[in-house]
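Heads up, the thing below is written out as structure tokens.
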Amino acid sequence: MKRRTNFKLSFSLVLIMSLIMLTACGNTDNSTVNTGSTGGAKQATLDFLWFSDGNEGEVIKGIIKEYEQSNTNVKINLIEVGFKDLQTKLKTMISGGKPPALSRITDTGSFANQAVDLTPYVESADQFEGQFIDSLKPYYVIDDKLIAAPMDVTANGLIYNKTLFDKAGVKVPTSPEEVWTWDEYIAALKEVMAKGGARYGMVWDVTPHRWSTLLYQNGGSIVTEDGSAAAINSEAGVRCMELFKQLHKDGIMPESVWLGGENPNNLFRSGTVAAHWAGNWMISNYKDITDFEWGVTYMPKGTQRSSVPGGKFLMAFKGSGNEQEAAAFINYLTSKEVNSKYNQESLFMSPRKDSSVLDYEFGKEMYEVFSDELKNTSPLAANDWSRQTLISKISTDLKNNIIDVLSDKATAQEAMDKTAKLINEAIGSQ
Amino acid sequence: MNGGQSLNRKKQTGQTRKLAIAPYLFILPNLLIFGVFIVIPSLLGLFYSFHVYDGLNPMKFNGLGNYIKIIGDKEFWSTIGRTGIYAAIVVPLIYAVALGIAMLLAREIKMRGLFRAIFYWPTMISFIIVGLTWKWIFGDSFGILNHMLTLIGVEPVGFLTSPFWANAAVIIATVWSRAGFFMVIFIAGLQAIPTDYYEAARLDGATGLKVFRHITLPLLKPTSLLVFMLSLIDAFKAFPLIFALTGGGPGKETTYIVQYIYEIGFTKQELGLASAMSVMLFVIIGGFSALQFRISKGGAV
């Protein structure tokens, strides 16, 4: 009898303790919401989730400081996380009821329902959208809502080892008129391998996004233009897959990157690889290479020229209590002056039409090539990659199916058919 | 008088009550941590497993839909199969290596402490670091092993690009990182065997192998079962080391079940489906544990 009461007593104690813990967590949530809902020119602390690829973290810190000086009621709390952790961190914050005021983000589609619609905070949606490169629009306008604002734009492109090309006496195209065809390009790589002593002709980032560059250059796409069905198993898609395999088979590309998980950046840095298919963000990464000279040249054309655009955006979140201040800050960051400063100092490309030419400290001529690539990009590329919710569902499978072809587990046709089936399933479930 | 007695009795009952509560208070901190970080999330996981949930938008009840999907999912079962094969190789290997080292180091030999430390050291390194370290050894273009092979004029081997070698690399790294831990358990087990048995056996003229088969091994049964059980559960939960070493590649050759669940949950954003898979994994591991518990009769000899 007594033992039972004691047990009851300690059990209720446990319950009470856990209740205290739980309510303690709950309380903090409530208090932040409460302080946020007063409005007006109140003191506001904006949590700003951020990730860095290069030195842009330092650049944004400088900009934040300036902003805080002229807006004394706002304090911005920059929370830096690794790019890989951003999505998980953001999800935890949102589902825990404590979203940050705003975040730097690439995957806009996944968070569309949680984003603040910026329309009421800008002059007009048309005027706002008109400022930026058209191909980015599907990334930040979803269901007629302005869910984010572009901060910088990226382009896939071709970085080459100038020292090796020079040694082999192979010239790279220096103007859009001289662009290689794919056959000419492969022949050039073979020559650099034979005469220049390159161990491999090229390395290619292990992401479906970079891989898809080849797809658009050959007139293919992942989904049809209206997004109603898969298009990846078209004749063009299969032809790309076969070419990609052939490049591995011929030893132009090392199997260790796509099959063995070796970092292509390290291989290119070792000075033994003639070309790296990456993007403009690698310029600041490769800036410190001193063992050899490198440059950027035009990617070859298949049936057409194409790059793949990408972008990094700013998104404000509902329920942070500081929606208005966050939107005002986003407006500030996307203004011509601030945005140009940010991109110029970070060595990024501006998404604004009126500041496509920036006065970079480094690699100015390389950026001209990248922006020319963007100008000559298939509209299907942005059409595919702005479908972020679909892409996140299929990109691992696409990657695995490409690898299946490289490791002789499937033919190009089988792999593309399999991917197409998954894409159609994913479209159906949306 | 009377009042004093009742006061005394009260004091006594108060003391016994204190004594009765004390044990619960002692386990309270752990119980809370266990409850908040293990039990509640597990129950939530079970709850998610009946829903379609992406971690952000409202969940939709899906009944047994996720489970039905998993049962028909070839990919899931082939991953389970791959994990099973991996476990079937890694578990006996760890057992043999750990026992072998333990037998050597349970003896009185010079610098025993140093050798024990050397073998135990890898268990203290995080799995990610172990994976990265072995990546630098096995790496195709930058690996030390291939560098040395080229130095002696042998063609470099695609350790991480060939399915066979990638699996071998994963197994070697796993055994290296785990054997030390189980070695310690075995050493404790070996030292618990009374030396009388060995002396008697030697007097009877038994040789080393016979002593091992008829004395060491049977008396190590409880330890062996523990090691088997722990290493099997380890094998089914293997993830960080492999993720750092091969990333699950080439292709999906070294993608085992936990990584597969991770990809479904966090790359494809299907938390409900991933939760259902975790529940299935829990059932499988629980099944093993129950089986082994029964074989070992609850750990008794």
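By convention here, the chains of the structure tokens are called A, B, ... in the order presented, each chain's residues are numbered starting at 1, and ligands are numbered starting at 1 in the order presented.
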List as a tab-separated table every residue of chain B that is in contact with chain A, defined as an atom at most 6 Å from one of its atoms (using only C-alpha atoms), together with the nearest atom pair and the distance in Å rounded to one decimal, sorted by chain and then rising number.
```
residue	atom	partner	partner_atom	distance
B:Leu160	CA	A:Gly260	CA	4.7
B:Thr161	CA	A:Gly260	CA	4.4
B:Pro250	CA	A:Leu259	CA	4.4
B:Gly251	CA	A:Ile403	CA	5.4
B:Lys268	CA	A:Lys393	CA	4.5
```
task = Pick out the closest residue to B:Phe50 from this set: B:Tyr67, B:Phe37, B:Trp136, B:Phe243. Count only C-alpha atoms.
result =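 Ranked by minimum distance to B:Phe50, first place goes to B:Tyr67.
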ask   = Counting only C-alpha atoms, which of A:Phe313, A:Lys137, A:Lys421, A:Val369 gets nearest to A:Ser175?
value =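 Distance minimum relative to A:Ser175 lands on A:Val369.
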key: Members of stretch 70-186 of chain A assigned alpha helix (DSSP H) by DSSP, as a VMD selection string   = chain A and resid 70 83 to 95 125 to 130 137 to 140 162 to 168 182 to 186
Quick one: write out the picked residues with N, CA and C atoms as a compact mmCIF listing (two decimals), in the first residue's frame?
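Printed below is part-v9.txt as written:
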```
# COMPACT_ATOMS: atom_id res chain seq x y z
N SER A 70 21.86 53.30 -39.81
CA SER A 70 20.82 54.22 -40.26
C SER A 70 19.44 53.79 -39.79
N PHE A 83 26.04 25.29 -45.53
CA PHE A 83 25.01 25.20 -46.56
C PHE A 83 24.20 23.91 -46.40
N LYS A 84 24.91 22.82 -46.08
CA LYS A 84 24.24 21.52 -45.99
C LYS A 84 23.24 21.48 -44.84
N ASP A 85 23.47 22.28 -43.80
CA ASP A 85 22.60 22.23 -42.63
C ASP A 85 21.46 23.23 -42.70
N LEU A 86 21.51 24.12 -43.69
CA LEU A 86 20.56 25.22 -43.71
C LEU A 86 19.12 24.74 -43.71
N GLN A 87 18.83 23.79 -44.61
CA GLN A 87 17.45 23.36 -44.76
C GLN A 87 16.92 22.72 -43.49
N THR A 88 17.74 21.86 -42.87
CA THR A 88 17.31 21.20 -41.63
C THR A 88 17.11 22.21 -40.52
N LYS A 89 18.05 23.14 -40.42
CA LYS A 89 17.98 24.16 -39.37
C LYS A 89 16.71 25.00 -39.55
N LEU A 90 16.47 25.40 -40.79
CA LEU A 90 15.32 26.23 -41.09
C LEU A 90 14.03 25.50 -40.75
N LYS A 91 13.98 24.24 -41.14
CA LYS A 91 12.80 23.43 -40.86
C LYS A 91 12.54 23.32 -39.37
N THR A 92 13.63 23.06 -38.62
CA THR A 92 13.48 22.92 -37.18
C THR A 92 12.95 24.21 -36.58
N MET A 93 13.51 25.34 -37.05
CA MET A 93 13.07 26.61 -36.50
C MET A 93 11.61 26.88 -36.81
N ILE A 94 11.22 26.59 -38.06
CA ILE A 94 9.84 26.88 -38.45
C ILE A 94 8.87 25.95 -37.74
N SER A 95 9.16 24.64 -37.76
CA SER A 95 8.19 23.72 -37.15
C SER A 95 8.20 23.85 -35.64
N ALA A 125 4.34 44.55 -57.80
CA ALA A 125 4.98 43.28 -58.13
C ALA A 125 5.66 43.35 -59.49
N ASP A 126 4.98 43.97 -60.47
CA ASP A 126 5.55 44.05 -61.82
C ASP A 126 6.84 44.84 -61.83
N GLN A 127 6.79 45.98 -61.13
CA GLN A 127 7.98 46.82 -61.08
C GLN A 127 9.13 46.06 -60.43
N PHE A 128 8.82 45.34 -59.34
CA PHE A 128 9.85 44.60 -58.61
C PHE A 128 10.46 43.50 -59.48
N GLU A 129 9.58 42.71 -60.10
CA GLU A 129 10.06 41.59 -60.92
C GLU A 129 10.83 42.09 -62.13
N GLY A 130 10.43 43.24 -62.64
CA GLY A 130 11.06 43.80 -63.82
C GLY A 130 12.53 44.13 -63.62
N LYS A 137 12.56 34.34 -62.44
CA LYS A 137 11.21 34.61 -61.96
C LYS A 137 10.52 33.37 -61.37
N PRO A 138 10.55 32.21 -62.05
CA PRO A 138 9.85 31.06 -61.47
C PRO A 138 10.39 30.63 -60.11
N TYR A 139 11.61 31.06 -59.76
CA TYR A 139 12.14 30.68 -58.45
C TYR A 139 11.47 31.47 -57.33
N TYR A 140 11.13 32.74 -57.60
CA TYR A 140 10.65 33.55 -56.48
C TYR A 140 9.21 34.03 -56.62
N LYS A 162 44.83 26.74 -68.01
CA LYS A 162 45.47 27.46 -69.11
C LYS A 162 46.88 26.92 -69.37
N THR A 163 47.58 26.62 -68.30
CA THR A 163 48.94 26.12 -68.44
C THR A 163 48.97 24.85 -69.28
N LEU A 164 48.06 23.93 -69.02
CA LEU A 164 48.03 22.68 -69.77
C LEU A 164 47.63 22.90 -71.23
N PHE A 165 46.64 23.76 -71.45
CA PHE A 165 46.21 24.05 -72.83
C PHE A 165 47.35 24.70 -73.60
N ASP A 166 48.05 25.64 -72.97
CA ASP A 166 49.17 26.31 -73.64
C ASP A 166 50.27 25.33 -74.00
N LYS A 167 50.54 24.42 -73.07
CA LYS A 167 51.60 23.44 -73.27
C LYS A 167 51.28 22.57 -74.49
N ALA A 168 49.99 22.24 -74.62
CA ALA A 168 49.59 21.40 -75.76
C ALA A 168 49.39 22.23 -77.02
N TRP A 182 30.60 20.12 -79.64
CA TRP A 182 31.03 19.10 -78.68
C TRP A 182 32.16 18.23 -79.25
N ASP A 183 32.08 17.91 -80.54
CA ASP A 183 33.14 17.08 -81.15
C ASP A 183 34.48 17.80 -81.11
N GLU A 184 34.45 19.09 -81.45
CA GLU A 184 35.70 19.87 -81.42
C GLU A 184 36.26 19.95 -80.00
N TYR A 185 35.33 20.09 -79.07
CA TYR A 185 35.74 20.22 -77.67
C TYR A 185 36.43 18.93 -77.21
N ILE A 186 35.82 17.78 -77.52
CA ILE A 186 36.41 16.50 -77.10
C ILE A 186 37.77 16.31 -77.75
```
task = Run DSSP on the backbone and grab whatever in stretch 46-223 of chain B lands in strand (DSSP E or B); send it over as a ChimeraX atom specification.
result = /B:51-52,60-61
Output of the above residues as a PDB file, in the first residue's frame, restricted to N, CA, C and O atoms:
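For reference, result-v1.pdb as written:
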```pdb
ATOM      1  N   HIS B  51       1.521   9.065 -41.467  1.00  0.00           N
ATOM      2  CA  HIS B  51       1.125  10.305 -42.137  1.00  0.00           C
ATOM      3  C   HIS B  51       2.031  10.598 -43.329  1.00  0.00           C
ATOM      4  O   HIS B  51       3.111  10.037 -43.441  1.00  0.00           O
ATOM      5  N   VAL B  52       1.550  11.489 -44.181  1.00  0.00           N
ATOM      6  CA  VAL B  52       2.417  12.078 -45.199  1.00  0.00           C
ATOM      7  C   VAL B  52       2.861  13.417 -44.634  1.00  0.00           C
ATOM      8  O   VAL B  52       2.031  14.248 -44.283  1.00  0.00           O
ATOM      9  N   LYS B  60      -0.793  14.837 -43.441  1.00  0.00           N
ATOM     10  CA  LYS B  60      -2.040  14.216 -43.860  1.00  0.00           C
ATOM     11  C   LYS B  60      -2.041  12.774 -43.396  1.00  0.00           C
ATOM     12  O   LYS B  60      -1.052  12.065 -43.583  1.00  0.00           O
ATOM     13  N   PHE B  61      -3.148  12.337 -42.790  1.00  0.00           N
ATOM     14  CA  PHE B  61      -3.213  10.957 -42.330  1.00  0.00           C
ATOM     15  C   PHE B  61      -3.240  10.025 -43.537  1.00  0.00           C
ATOM     16  O   PHE B  61      -3.904  10.272 -44.524  1.00  0.00           O
TER      17      PHE B  61
END
```
ask   = Hey, which of A:Ile63, A:Leu214, A:Val122, A:Val206 ends up closest to A:Ala381? Count only C-alpha atoms.
value =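 Among the listed residues, A:Leu214 lies closest to A:Ala381.
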